[in-house]
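S.K.: Input file: entry35.txt. Contents: compact mmCIF, C-alpha atoms and all ligand atoms.
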# COMPACT_ATOMS: atom_id res chain seq x y z
CA MET A 288 0.00 0.00 0.00
CA THR A 289 1.48 3.37 -0.95
CA ILE A 290 1.18 6.50 1.14
CA ASN A 291 -1.38 8.03 -1.25
CA ASN A 292 -3.60 5.00 -0.85
CA ILE A 293 -3.38 5.31 2.89
CA GLU A 294 -4.44 8.94 2.69
CA ASP A 295 -7.37 8.13 0.41
CA SER A 296 -8.66 5.46 2.72
CA PHE A 297 -8.17 7.67 5.77
CA ILE A 298 -10.31 10.33 4.21
CA GLN A 299 -12.93 7.74 3.32
CA GLN A 300 -12.99 6.64 6.95
CA ILE A 301 -13.40 10.16 8.20
CA VAL A 302 -16.25 11.10 5.83
CA SER A 303 -17.99 7.76 6.26
CA SER A 304 -20.96 8.10 8.59
CA GLU A 305 -21.20 4.47 9.68
CA ALA A 306 -19.98 3.63 13.14
CA PHE A 307 -17.96 0.43 13.14
CA PRO A 308 -15.72 0.01 16.18
CA LEU A 309 -12.17 1.09 15.37
CA ASN A 310 -10.14 -0.31 18.23
CA PHE A 311 -10.04 -3.54 20.21
CA SER A 312 -11.83 -2.37 23.34
CA ASP A 313 -14.70 -0.92 21.29
CA LEU A 314 -14.86 -4.12 19.22
CA GLU A 315 -14.98 -6.25 22.37
CA SER A 316 -17.68 -4.21 24.03
CA ALA A 317 -19.82 -4.11 20.85
CA ALA A 318 -19.37 -7.88 20.41
CA SER A 319 -20.43 -8.50 24.02
CA LYS A 320 -23.83 -7.08 23.09
CA VAL A 321 -24.44 -9.41 20.13
CA ILE A 322 -22.92 -12.73 21.30
CA PRO A 323 -24.88 -14.75 23.90
CA LYS A 324 -23.34 -14.36 27.38
CA ALA A 325 -21.72 -17.79 27.85
CA ALA A 326 -20.33 -17.87 24.30
CA PHE A 327 -18.92 -14.36 24.72
CA GLY A 328 -17.35 -15.42 28.03
CA TYR A 329 -15.76 -18.39 26.30
CA ILE A 330 -14.22 -16.21 23.57
CA ARG A 331 -13.10 -13.30 25.78
CA SER A 332 -11.78 -15.09 28.82
CA GLY A 333 -8.39 -16.44 29.83
CA ALA A 334 -7.31 -19.19 32.17
CA GLY A 335 -7.20 -18.81 35.97
CA GLY A 336 -7.07 -15.24 37.23
CA GLU A 337 -6.42 -13.96 33.66
CA GLU A 338 -3.02 -12.49 34.58
CA THR A 339 -1.44 -13.89 31.39
CA LEU A 340 -4.38 -12.60 29.33
CA ARG A 341 -3.70 -9.15 30.83
CA ILE A 342 0.07 -9.11 30.34
CA ASN A 343 -0.35 -10.24 26.72
CA THR A 344 -1.38 -6.63 26.05
CA THR A 345 0.25 -4.68 28.90
CA ASP A 346 3.70 -6.08 28.02
CA PHE A 347 3.30 -4.57 24.54
CA ASN A 348 2.37 -1.25 26.14
CA LYS A 349 5.56 -1.25 28.23
CA LEU A 350 7.65 -1.13 25.05
CA SER A 351 8.11 2.12 23.12
CA ILE A 352 9.22 2.57 19.54
CA VAL A 353 11.99 5.11 18.91
CA PRO A 354 11.05 6.31 15.40
CA ARG A 355 13.37 7.47 12.62
CA TYR A 356 12.39 10.18 10.11
CA LEU A 357 13.65 11.66 6.81
CA ASN A 358 13.79 8.18 5.39
CA ASP A 359 11.52 8.42 2.29
CA VAL A 360 8.83 5.89 3.19
CA SER A 361 6.61 6.94 0.25
CA ALA A 362 6.91 3.51 -1.39
CA ALA A 363 6.84 1.43 1.79
CA ASP A 364 6.40 -2.32 1.23
CA THR A 365 4.59 -4.37 3.90
CA SER A 366 4.86 -7.73 2.13
CA ILE A 367 6.39 -10.86 3.64
CA GLU A 368 7.55 -14.19 2.26
CA LEU A 369 6.73 -17.47 3.99
CA PHE A 370 7.52 -20.92 2.59
CA GLY A 371 8.11 -19.54 -0.88
CA ARG A 372 4.90 -17.50 -1.07
CA THR A 373 4.52 -13.75 -0.87
CA TYR A 374 1.73 -12.21 1.20
CA PRO A 375 0.99 -8.46 1.06
CA GLN A 376 0.63 -7.97 4.84
CA PRO A 377 2.78 -9.16 7.75
CA PHE A 378 -0.16 -10.83 9.48
CA LEU A 379 -2.31 -13.98 9.33
CA LEU A 380 -5.52 -15.09 11.05
CA SER A 381 -5.02 -17.37 14.07
CA PRO A 382 -6.92 -20.65 14.24
CA VAL A 383 -10.05 -20.14 16.34
CA GLY A 384 -12.34 -23.09 16.90
CA MET A 385 -16.12 -23.19 16.78
CA LEU A 386 -16.66 -19.85 15.08
CA LYS A 387 -20.42 -20.49 14.92
CA LEU A 388 -20.39 -19.21 18.49
CA ALA A 389 -19.81 -15.77 17.00
CA HIS A 390 -21.81 -15.91 13.72
CA GLU A 391 -23.66 -18.58 11.78
CA ASP A 392 -21.46 -18.07 8.70
CA ALA A 393 -18.43 -18.82 10.88
CA GLU A 394 -15.30 -19.94 8.95
CA LEU A 395 -17.02 -19.44 5.57
CA ALA A 396 -17.29 -15.70 6.27
CA VAL A 397 -13.78 -15.47 7.71
CA VAL A 398 -12.03 -17.31 4.88
CA LYS A 399 -13.71 -15.07 2.28
CA ALA A 400 -12.82 -11.90 4.20
CA ALA A 401 -9.22 -13.11 4.57
CA ALA A 402 -9.10 -13.90 0.84
CA SER A 403 -10.30 -10.40 -0.04
CA HIS A 404 -7.16 -9.07 1.71
CA GLN A 405 -4.88 -11.92 0.60
CA VAL A 406 -4.33 -12.72 4.28
CA PRO A 407 -3.78 -16.44 5.05
CA PHE A 408 -6.53 -18.05 7.14
CA ILE A 409 -5.54 -20.78 9.58
CA GLN A 410 -8.47 -23.16 10.02
CA SER A 411 -8.87 -24.95 13.36
CA THR A 412 -9.32 -28.70 13.78
CA VAL A 413 -12.48 -27.87 15.78
CA SER A 414 -13.98 -25.57 13.15
CA SER A 415 -17.73 -25.29 12.62
CA PHE A 416 -17.36 -26.06 8.89
CA SER A 417 -15.14 -28.78 7.45
CA ILE A 418 -11.89 -28.40 5.49
CA GLU A 419 -13.80 -29.27 2.31
CA GLU A 420 -16.60 -26.75 2.97
CA VAL A 421 -14.12 -23.97 3.75
CA SER A 422 -12.02 -24.68 0.68
CA LYS A 423 -15.13 -24.76 -1.52
CA ALA A 424 -16.22 -21.36 -0.14
CA SER A 425 -12.89 -19.80 -1.06
CA PRO A 426 -10.99 -21.85 -3.61
CA GLY A 427 -7.51 -20.66 -4.39
CA SER A 428 -7.04 -18.42 -1.36
CA SER A 429 -4.25 -19.05 1.16
CA LYS A 430 -5.31 -21.47 3.87
CA TRP A 431 -3.32 -23.32 6.52
CA PHE A 432 -4.68 -26.17 8.66
CA GLN A 433 -4.23 -26.26 12.44
CA LEU A 434 -3.99 -29.77 13.84
CA TYR A 435 -5.07 -30.94 17.27
CA TRP A 436 -3.36 -34.30 17.46
CA SER A 437 -5.85 -37.16 17.89
CA ASN A 438 -5.18 -40.03 20.28
CA ASN A 439 -5.94 -42.23 17.29
CA GLU A 440 -3.05 -41.00 15.14
CA ASN A 441 -4.67 -42.27 11.95
CA ILE A 442 -7.32 -39.57 12.42
CA SER A 443 -4.55 -36.95 12.61
CA TYR A 444 -2.93 -38.22 9.41
CA SER A 445 -6.31 -38.39 7.69
CA MET A 446 -7.08 -34.74 8.50
CA VAL A 447 -3.61 -33.70 7.36
CA ASN A 448 -4.16 -35.57 4.07
CA ARG A 449 -7.52 -33.90 3.57
CA ALA A 450 -5.93 -30.47 4.09
CA GLU A 451 -3.18 -31.37 1.63
CA GLU A 452 -5.75 -32.58 -0.95
CA ALA A 453 -7.73 -29.36 -0.53
CA GLY A 454 -4.65 -27.24 -1.34
CA TYR A 455 -3.84 -25.96 2.16
CA GLU A 456 -0.35 -24.49 2.29
CA ALA A 457 0.92 -25.51 5.75
CA ILE A 458 0.10 -27.61 8.81
CA VAL A 459 0.11 -25.87 12.20
CA LEU A 460 0.52 -28.28 15.11
CA THR A 461 -0.73 -26.73 18.35
CA VAL A 462 1.22 -28.13 21.30
CA ASP A 463 -0.16 -26.13 24.26
CA THR A 464 -3.63 -27.71 24.39
CA ILE A 465 -2.83 -31.27 25.44
CA MET A 466 -5.57 -30.72 28.03
CA LEU A 467 -8.01 -27.88 28.50
CA GLY A 468 -6.84 -24.96 30.65
CA TRP A 469 -8.54 -24.02 33.92
CA ARG A 470 -11.19 -21.63 32.61
CA GLU A 471 -13.25 -20.20 35.44
CA GLU A 472 -15.63 -18.24 33.23
CA ASP A 473 -16.70 -21.44 31.45
CA ILE A 474 -17.05 -23.35 34.73
CA ARG A 475 -19.24 -20.53 36.11
CA ASN A 476 -21.38 -20.63 32.95
CA SER A 477 -21.32 -24.47 32.72
CA PHE A 478 -20.30 -23.92 29.12
CA SER A 479 -18.53 -26.42 26.87
CA PRO A 480 -19.06 -25.67 23.18
CA LEU A 481 -17.22 -28.88 22.29
CA LYS A 482 -19.84 -30.89 24.22
CA GLU A 483 -22.57 -28.99 22.40
CA GLY A 484 -21.14 -30.14 19.07
CA TYR A 485 -19.85 -26.77 17.80
CA GLY A 486 -16.48 -28.22 16.76
CA LYS A 487 -17.43 -31.50 15.07
CA ALA A 488 -17.40 -30.64 11.34
CA ASN A 489 -13.92 -32.00 10.58
CA TYR A 490 -14.60 -35.20 12.53
CA ILE A 491 -17.97 -36.12 11.04
CA ASN A 492 -16.49 -35.64 7.57
CA ASP A 493 -13.56 -37.92 8.29
CA LYS A 494 -13.80 -41.55 7.17
CA VAL A 495 -11.12 -42.75 9.58
CA PHE A 496 -12.89 -41.07 12.52
CA LEU A 497 -16.31 -42.41 11.50
CA ASN A 498 -14.94 -45.94 11.08
CA SER A 499 -13.46 -45.76 14.58
CA LEU A 500 -16.87 -45.15 16.20
CA PRO A 501 -18.92 -47.87 17.88
CA SER A 502 -22.05 -46.02 16.70
CA GLN A 503 -22.61 -42.79 14.81
CA ASP A 504 -25.20 -41.10 17.03
CA ASP A 505 -24.49 -37.59 18.28
CA ASP A 506 -23.43 -38.63 21.78
CA SER A 507 -20.90 -41.16 20.48
CA VAL A 508 -19.48 -38.58 18.08
CA ILE A 509 -19.00 -35.98 20.85
CA GLN A 510 -17.58 -38.55 23.26
CA ALA A 511 -15.10 -39.73 20.64
CA ILE A 512 -14.01 -36.15 19.88
CA LEU A 513 -13.41 -35.54 23.58
CA THR A 514 -11.35 -38.70 23.99
CA ASN A 515 -9.33 -37.91 20.87
CA ILE A 516 -8.63 -34.20 21.18
CA PHE A 517 -6.83 -34.02 24.52
CA HIS A 518 -3.55 -35.82 24.23
CA PRO A 519 -1.24 -35.30 27.21
CA ALA A 520 1.19 -37.91 25.84
CA LEU A 521 2.09 -35.66 22.87
CA ASN A 522 5.88 -35.53 22.46
CA TRP A 523 8.66 -34.94 19.92
CA LYS A 524 8.26 -38.42 18.41
CA HIS A 525 4.79 -37.41 17.20
CA VAL A 526 6.31 -34.29 15.65
CA GLU A 527 8.94 -36.33 13.81
CA GLU A 528 6.28 -38.76 12.57
CA LEU A 529 4.07 -35.89 11.36
CA LYS A 530 7.01 -34.45 9.42
CA LYS A 531 7.40 -37.79 7.61
CA ARG A 532 3.69 -37.98 6.79
CA THR A 533 3.26 -34.68 4.97
CA SER A 534 5.08 -32.76 2.29
CA LEU A 535 3.65 -29.47 3.58
CA PRO A 536 5.64 -27.18 5.86
CA VAL A 537 4.92 -28.01 9.52
CA VAL A 538 4.71 -25.10 11.95
CA ILE A 539 4.56 -25.58 15.74
CA LYS A 540 2.18 -23.25 17.60
CA GLY A 541 2.61 -22.59 21.30
CA ILE A 542 6.38 -22.39 21.81
CA LEU A 543 7.52 -20.13 24.68
CA HIS A 544 10.86 -21.61 25.80
CA PRO A 545 14.05 -21.17 23.73
CA GLU A 546 15.06 -24.80 24.45
CA ASP A 547 11.79 -25.97 22.83
CA ALA A 548 12.56 -23.77 19.82
CA LYS A 549 15.93 -25.51 19.59
CA LEU A 550 14.31 -28.96 19.75
CA ALA A 551 11.77 -27.92 17.12
CA ILE A 552 14.56 -27.02 14.71
CA GLU A 553 16.34 -30.30 15.48
CA ALA A 554 13.09 -32.14 14.69
CA GLY A 555 13.05 -30.50 11.24
CA ILE A 556 10.16 -28.14 11.94
CA ASP A 557 9.62 -25.47 9.28
CA GLY A 558 8.28 -22.61 11.41
CA ILE A 559 7.43 -21.58 14.97
CA ILE A 560 4.51 -19.59 16.38
CA VAL A 561 5.39 -18.03 19.73
CA SER A 562 2.03 -18.12 21.52
CA ASN A 563 0.39 -18.63 24.90
CA HIS A 564 -2.96 -19.38 23.23
CA GLY A 565 -4.28 -15.91 23.99
CA GLY A 566 -3.86 -16.53 27.73
CA ARG A 567 -6.50 -19.27 27.59
CA GLN A 568 -4.47 -22.32 28.54
CA MET A 569 -2.23 -21.60 31.52
CA ASP A 570 -2.34 -18.56 33.75
CA GLY A 571 0.87 -17.20 35.23
CA ILE A 572 2.93 -17.94 32.14
CA VAL A 573 5.05 -15.50 30.18
CA SER A 574 3.50 -13.19 27.57
CA SER A 575 4.37 -13.95 23.96
CA ILE A 576 6.11 -10.63 23.40
CA GLU A 577 8.29 -11.14 26.49
CA ALA A 578 9.23 -14.67 25.35
CA LEU A 579 10.00 -13.59 21.77
CA PRO A 580 13.55 -12.10 21.98
CA ARG A 581 15.11 -15.19 23.59
CA ILE A 582 13.44 -17.46 21.03
CA ALA A 583 14.50 -15.18 18.17
CA LYS A 584 18.07 -15.40 19.43
CA GLU A 585 17.91 -19.20 19.44
CA VAL A 586 16.23 -19.46 16.01
CA ASN A 587 18.59 -16.87 14.52
CA GLY A 588 16.68 -16.56 11.23
CA ARG A 589 16.90 -20.27 10.37
CA ILE A 590 13.11 -20.74 10.09
CA PRO A 591 10.16 -18.32 10.05
CA LEU A 592 9.17 -17.05 13.49
CA LEU A 593 5.58 -15.91 14.03
CA LEU A 594 3.84 -14.58 17.14
CA ASP A 595 0.30 -14.28 18.47
CA SER A 596 -1.46 -13.42 21.74
CA GLY A 597 -2.13 -9.76 22.39
CA ILE A 598 -1.70 -8.19 18.95
CA ARG A 599 -4.20 -5.32 18.99
CA ARG A 600 -2.64 -2.44 17.03
CA GLY A 601 -0.31 -1.60 14.17
CA SER A 602 2.32 -0.52 16.70
CA ASP A 603 2.19 -4.04 18.22
CA VAL A 604 3.13 -5.40 14.79
CA VAL A 605 6.14 -3.04 14.63
CA LYS A 606 7.20 -4.12 18.15
CA ALA A 607 6.93 -7.84 17.37
CA LEU A 608 8.90 -7.45 14.13
CA ALA A 609 11.54 -5.35 15.93
CA LEU A 610 11.97 -8.13 18.51
CA GLY A 611 12.51 -10.80 15.86
CA ALA A 612 9.13 -11.99 14.51
CA ASP A 613 8.67 -12.39 10.75
CA ALA A 614 4.88 -12.02 10.98
CA VAL A 615 2.08 -11.96 13.55
CA LEU A 616 -1.37 -13.54 13.94
CA LEU A 617 -4.65 -11.96 14.99
CA GLY A 618 -7.13 -13.89 17.15
CA ARG A 619 -9.99 -12.26 19.04
CA PRO A 620 -10.06 -9.01 16.99
CA TYR A 621 -11.36 -10.80 13.88
CA VAL A 622 -13.74 -12.98 15.90
CA TYR A 623 -15.42 -9.83 17.21
CA GLY A 624 -15.59 -8.43 13.67
CA LEU A 625 -17.28 -11.69 12.60
CA ALA A 626 -19.83 -11.40 15.41
CA LEU A 627 -20.63 -7.80 14.46
CA GLY A 628 -20.97 -8.16 10.71
CA GLY A 629 -20.14 -11.60 9.31
CA GLN A 630 -17.79 -11.47 6.33
CA GLU A 631 -18.13 -7.69 6.05
CA GLY A 632 -17.32 -7.26 9.74
CA VAL A 633 -14.11 -9.28 9.40
CA GLU A 634 -13.22 -7.28 6.27
CA LYS A 635 -13.62 -4.03 8.20
CA VAL A 636 -11.39 -5.24 11.02
CA LEU A 637 -8.77 -6.30 8.46
CA THR A 638 -9.01 -3.02 6.52
CA ASN A 639 -8.46 -0.97 9.66
CA PHE A 640 -5.69 -3.24 10.92
CA LYS A 641 -3.94 -3.15 7.56
CA GLN A 642 -4.06 0.63 7.46
CA GLU A 643 -2.90 1.08 11.05
CA THR A 644 -0.04 -1.37 10.42
CA SER A 645 1.08 0.43 7.24
CA VAL A 646 0.98 3.82 8.96
CA SER A 647 2.80 2.46 12.02
CA LEU A 648 5.58 0.92 9.94
CA ALA A 649 6.05 4.08 7.88
CA LEU A 650 5.95 6.41 10.90
CA SER A 651 8.54 4.23 12.64
CA GLY A 652 10.79 4.87 9.64
CA ALA A 653 10.62 1.35 8.20
CA VAL A 654 10.38 1.10 4.40
CA ASN A 655 9.82 -2.66 4.50
CA ILE A 656 9.64 -5.62 6.88
CA LYS A 657 13.39 -6.13 6.83
CA ALA A 658 13.81 -2.54 8.01
CA ALA A 659 11.07 -3.02 10.65
CA LYS A 660 13.26 -5.68 12.21
CA LYS A 661 15.85 -2.97 12.87
CA VAL A 662 13.48 -0.48 14.51
CA THR A 663 14.75 0.64 17.93
CA LEU A 664 12.61 -0.12 21.00
CA THR A 665 13.01 1.16 24.52
CA LEU A 666 11.50 -0.09 27.79
C1 LIG B 1 -12.48 -18.64 21.06
C2 LIG B 1 -11.08 -19.09 20.77
C3 LIG B 1 -10.87 -20.37 20.24
C4 LIG B 1 -9.58 -20.79 19.93
N1 LIG B 1 -9.42 -22.01 19.32
C5 LIG B 1 -8.18 -22.40 18.94
C6 LIG B 1 -8.00 -23.59 18.22
O1 LIG B 1 -8.95 -24.29 17.89
N2 LIG B 1 -6.74 -23.95 17.90
C7 LIG B 1 -5.64 -23.19 18.24
O2 LIG B 1 -4.51 -23.56 17.93
N3 LIG B 1 -5.80 -22.02 18.90
C8 LIG B 1 -7.04 -21.62 19.24
N4 LIG B 1 -7.19 -20.41 19.87
C9 LIG B 1 -6.01 -19.56 20.15
C10 LIG B 1 -5.72 -18.63 18.96
O3 LIG B 1 -5.24 -19.34 17.85
C11 LIG B 1 -4.66 -17.59 19.30
O4 LIG B 1 -3.50 -18.23 19.79
C12 LIG B 1 -5.10 -16.52 20.28
O5 LIG B 1 -6.46 -16.20 20.18
C13 LIG B 1 -4.25 -15.28 20.00
O6 LIG B 1 -4.45 -14.33 20.93
P1 LIG B 1 -5.40 -13.03 20.73
O7 LIG B 1 -6.80 -13.53 20.80
O8 LIG B 1 -4.97 -12.25 21.92
O9 LIG B 1 -5.06 -12.36 19.42
C14 LIG B 1 -8.48 -19.95 20.19
C15 LIG B 1 -8.69 -18.66 20.69
C16 LIG B 1 -9.97 -18.22 20.97
C17 LIG B 1 -10.17 -16.82 21.48
O1 LIG B 2 -10.83 -22.76 23.28
C1 LIG B 2 -9.68 -22.86 22.85
O2 LIG B 2 -8.84 -21.98 23.04
C2 LIG B 2 -9.27 -24.04 22.13
O3 LIG B 2 -8.26 -23.97 21.51
C3 LIG B 2 -9.99 -25.30 22.16
C4 LIG B 2 -9.39 -26.39 22.71
C5 LIG B 2 -10.04 -27.58 22.74
C6 LIG B 2 -11.29 -27.73 22.27
C7 LIG B 2 -11.90 -26.66 21.71
C8 LIG B 2 -11.23 -25.44 21.64
Output the structure of this file as structure tokens.

M.R.:
Amino acid sequence: MTINNIEDSFIQQIVSSEAFPLNFSDLESAASKVIPKAAFGYIRSGAGGEETLRINTTDFNKLSIVPRYLNDVSAADTSIELFGRTYPQPFLLSPVGMLKLAHEDAELAVVKAAASHQVPFIQSTVSSFSIEEVSKASPGSSKWFQLYWSNNENISYSMVNRAEEAGYEAIVLTVDTIMLGWREEDIRNSFSPLKEGYGKANYINDKVFLNSLPSQDDDSVIQAILTNIFHPALNWKHVEELKKRTSLPVVIKGILHPEDAKLAIEAGIDGIIVSNHGGRQMDGIVSSIEALPRIAKEVNGRIPLLLDSGIRRGSDVVKALALGADAVLLGRPYVYGLALGGQEGVEKVLTNFKQETSVSLALSGAVNIKAAKKVTLTL
């Protein structure tokens, strides 16, 4: 996006009379009015006392950018390259399960909105629509598949194969959800969307899963999903096996310790997402942005390094890039856009985020993503 384009769209924003929330706190409060209470609590909340959820954003706020000027940023380039593909923006959409909690069009709306911005969409294992339905809704756009390892590993390989067949570009193995975190909001609301069947689409469309069932009634399906999805025995041997089973790049999501980053590289992993699952899994753990520099030092540019959990503004993107990330992922912000306006709501969130990111990069003095990695930060 060039500076003139930014100006044009700014002016459009200012003259436009419609009121769509511009920032995260306005998005969250507007979404709280349209999503049923327990579902909203599920999306918003974090584990335990929500300290990690809080520091995911406050740790960004502690950092300040020291901008450079007189650097001719008139032709600034925000594009990134991942696994041989170029994407125009340095951000992707995080995998979020059970999006029907937010809007009935769920992943179908999100994948189309992402496609309209050429932003890769990472589809969750526990999505409300299947891999095949999502790919049919948006053929040709960039999609990655997030895998929750199944206790029956043949189900995992089957889902990976389906994603590969459907043209998905990468597999994201989430390693921080081997059991569900302690989520007080959901306990208070007696709310388990998984038990209500919101995340079954990929399972009921999987031959290996269906063949593993004693009977195909709804209760058996849900019970089988629950016994498959939480897998506390997950270890590096599974990772090595997964690498052998797919020709797609495999990215690990949920790394916070530099030693784990080192082991991931030794296991032949193609990319890392520094993440604490948006503060939803374990309270009292480090924020992603605090964990990033030590992991970046370990990885040392050998494989792509991505980050999520707490990205709310364009300046957060600059900070993450400056501390060693190659790209970031957005979670709750797009889910709230979905709740407020379906596909159009997600598009609006992405339009605003794209503009704020471009302006933030240029006003930091960065002409491209490589330069953003050299931006000075101070505590
Ligand atoms: C409602 C909800 C459901 C999620 N479901 C998944 C999931 O199925 N798989 C996964 O790897 N991460 C899941 N996540 C975590 C996100 O991928 C991401 O790590 C997190 O939301 C990023 O933080 P942010 O919301 O602060 O941007 C979920 C997050 C939310 C809010
Ligand atoms: O709610 C989540 O964050 C999530 O990732 C999840 C984990 C297990 C089942 C369903 C969703």

S.K.: Select from segment 421-513 of chain A every residue with an atom at most 12 Å from any atom of segment 372-378 of chain A, then for each give the shortest pair of atoms and their distance in Å to one decimal, using only C-alpha atoms, rows by chain and rising number, as a tab-separated table.

M.R.:
residue	atom	partner	partner_atom	distance
A:Ser428	CA	A:Tyr374	CA	11.0
A:Ser429	CA	A:Tyr374	CA	9.1
A:Lys430	CA	A:Tyr374	CA	11.9
A:Glu456	CA	A:Arg372	CA	9.4
A:Ala457	CA	A:Arg372	CA	11.2

S.K.: Set the distance at 9 Å and use only C-alpha atoms: which residues neighbour Ser425 of chain A once local chain neighbours fewer than 5 positions away are removed? I'd like the list as number ranges by chain.

M.R.: A: 395, 398-399, 402, 420

S.K.: At a cut-off of 9 Å, using all atoms listed in the file, what residues contact Arg331 of chain A? Leave out same-chain residues fewer than 2 positions from it and give the result as a ChimeraX atom specification.

M.R.: /A:315,319,326-329,333,619

S.K.: Sorted by chain and rising residue number, list the residues of chain A at most 6 Å from ligand LIG 1 (chain B) (counting only C-alpha atoms and all ligand atoms), each with its closest atom pair and distance in Å to one decimal, as a tab-separated table.

M.R.:
residue	atom	partner	partner_atom	distance
A:Ile330	CA	B:LIG1	C1	3.9
A:Ser381	CA	B:LIG1	O3	4.3
A:Pro382	CA	B:LIG1	O3	4.2
A:Val383	CA	B:LIG1	N1	3.6
A:Gly384	CA	B:LIG1	O1	3.7
A:Ser411	CA	B:LIG1	O1	4.6
A:Val413	CA	B:LIG1	O1	5.5
A:Thr461	CA	B:LIG1	O2	5.0
A:Ser562	CA	B:LIG1	O4	5.8
A:His564	CA	B:LIG1	O4	3.7
A:Gly565	CA	B:LIG1	O6	3.4
A:Asp595	CA	B:LIG1	C13	4.9
A:Ser596	CA	B:LIG1	O6	3.2
A:Gly597	CA	B:LIG1	O8	3.8
A:Ile598	CA	B:LIG1	O9	5.4
A:Leu617	CA	B:LIG1	O9	4.5
A:Gly618	CA	B:LIG1	O9	3.4
A:Arg619	CA	B:LIG1	O7	3.9

S.K.: Mind dumping the selected residues with C-alpha atoms as a tab-separated table (two decimals), in the frame of the given file?

M.R.:
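So selection_0.tsv came out as:
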chain	number	residue	atom	x	y	z
A	330	ILE	CA	-14.22	-16.21	23.57
A	381	SER	CA	-5.02	-17.37	14.07
A	382	PRO	CA	-6.92	-20.65	14.24
A	383	VAL	CA	-10.05	-20.14	16.34
A	384	GLY	CA	-12.34	-23.09	16.90
A	411	SER	CA	-8.87	-24.95	13.36
A	413	VAL	CA	-12.48	-27.87	15.78
A	461	THR	CA	-0.73	-26.73	18.35
A	562	SER	CA	2.03	-18.12	21.52
A	564	HIS	CA	-2.96	-19.38	23.23
A	565	GLY	CA	-4.28	-15.91	23.99
A	595	ASP	CA	0.30	-14.28	18.47
A	596	SER	CA	-1.46	-13.42	21.74
A	597	GLY	CA	-2.13	-9.76	22.39
A	598	ILE	CA	-1.70	-8.19	18.95
A	617	LEU	CA	-4.65	-11.96	14.99
A	618	GLY	CA	-7.13	-13.89	17.15
A	619	ARG	CA	-9.99	-12.26	19.04

S.K.: Neighbours of Ser437 of chain A within 7 Å (all atoms listed in the file; same-chain residues fewer than 4 positions away dropped), as a ChimeraX atom specification?

M.R.: /A:442-443,515-516,518

S.K.: In Å to one decimal, how far is atom CA of Ile539 of chain A from atom CA of Gly558 of chain A?

M.R.: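 Interatomic distance here is 6.4 Å.
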
S.K.: Between atom CA of Val321 of chain A and atom CA of Ser479 of chain A, what is the distance in Å, rounded to a tenth?

M.R.: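 Those two atoms sit 19.2 Å apart.
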
S.K.: So which one's closest to ligand LIG 2 (chain B), A:Ser361, A:Asn489, A:Thr345, A:Ser332? Using all atoms listed in the file, please.

M.R.: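 The closest residue to ligand LIG 2 (chain B) is A:Ser332.
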
S.K.: So which residues are close to (-22.3, -31.2, 26.0), meaning at most 12 Å away in the file's coordinates with only C-alpha atoms counted, and can you show them as JSON, numbers by chain?

M.R.: {"A": [477, 478, 479, 480, 481, 482, 483, 484, 485, 486, 487, 505, 506, 507, 508, 509, 510, 512, 513]}

S.K.: Would you mind reading off the distance between atom CA of Tyr455 of chain A and atom CA of Glu419 of chain A, one decimal, in Å?

M.R.: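 Computing the Euclidean distance for atom CA of Tyr455 of chain A and atom CA of Glu419 of chain A yields 10.5 Å.
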
S.K.: Go through A:Ser316, A:Asn476, A:Gln503, A:Thr344 and flag the residue nearest Arg599 of chain A, using only C-alpha atoms for the distances.

M.R.: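 So, comparing all the options, the nearest one is A:Thr344.
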
S.K.: For a quick check of understanding, using all atoms listed in the file, which of A:Met446, A:Ala317, A:Ala424, A:Leu386 has the smallest distance to ligand LIG 2 (chain B)?

M.R.: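 Answer, going by the shortest atom-to-atom distance: A:Leu386.
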
S.K.: With only C-alpha atoms as the atoms that count, which of A:Ala334, A:Leu637, A:Ile409, A:Leu357 lies nearest to Gly566 of chain A?

M.R.: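 When distances to Gly566 of chain A are compared using only C-alpha atoms, the smallest one comes from A:Ala334.
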
S.K.: Would you list the contacts of Thr638 of chain A as a PyMOL selection string, taking every protein, DNA or RNA residue within 12 Å and counting all atoms listed in the file, but skipping same-chain residues closer than 2 positions in sequence?

M.R.: chain A and resi 288+293+296-297+299-300+307+309+376+400-401+403-406+601+621+624+631-636+640-645

S.K.: Of the residues A:Val462, A:Leu497, A:Ala578, A:Val646, which is the one nearest to ligand LIG 2 (chain B), using all atoms listed in the file?

M.R.: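 Comparing A:Val462, A:Leu497, A:Ala578, A:Val646 against ligand LIG 2 (chain B), the winner is A:Val462.
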
S.K.: May I have the protein, DNA and RNA residues with an atom at most 10 Å from (11.4, 9.3, 3.9), counting only C-alpha atoms in the file's coordinates, returned as JSON, numbers by chain?

M.R.: {"A": [355, 356, 357, 358, 359, 360, 361, 362, 363, 649, 650, 652, 653, 654]}

S.K.: Leaving out Gly468 of chain A and any residue of its chain fewer than 3 positions from it, which residues lie within 9 Å of it when counting all atoms listed in the file, given as a compact mmCIF listing (two decimals) with C-alpha atoms, in the frame of the given file?

M.R.:
# COMPACT_ATOMS: atom_id res chain seq x y z
CA GLY A 333 -8.39 -16.44 29.83
CA ALA A 334 -7.31 -19.19 32.17
CA GLY A 335 -7.20 -18.81 35.97
CA THR A 464 -3.63 -27.71 24.39
CA ARG A 567 -6.50 -19.27 27.59
CA GLN A 568 -4.47 -22.32 28.54
CA MET A 569 -2.23 -21.60 31.52
CA ASP A 570 -2.34 -18.56 33.75
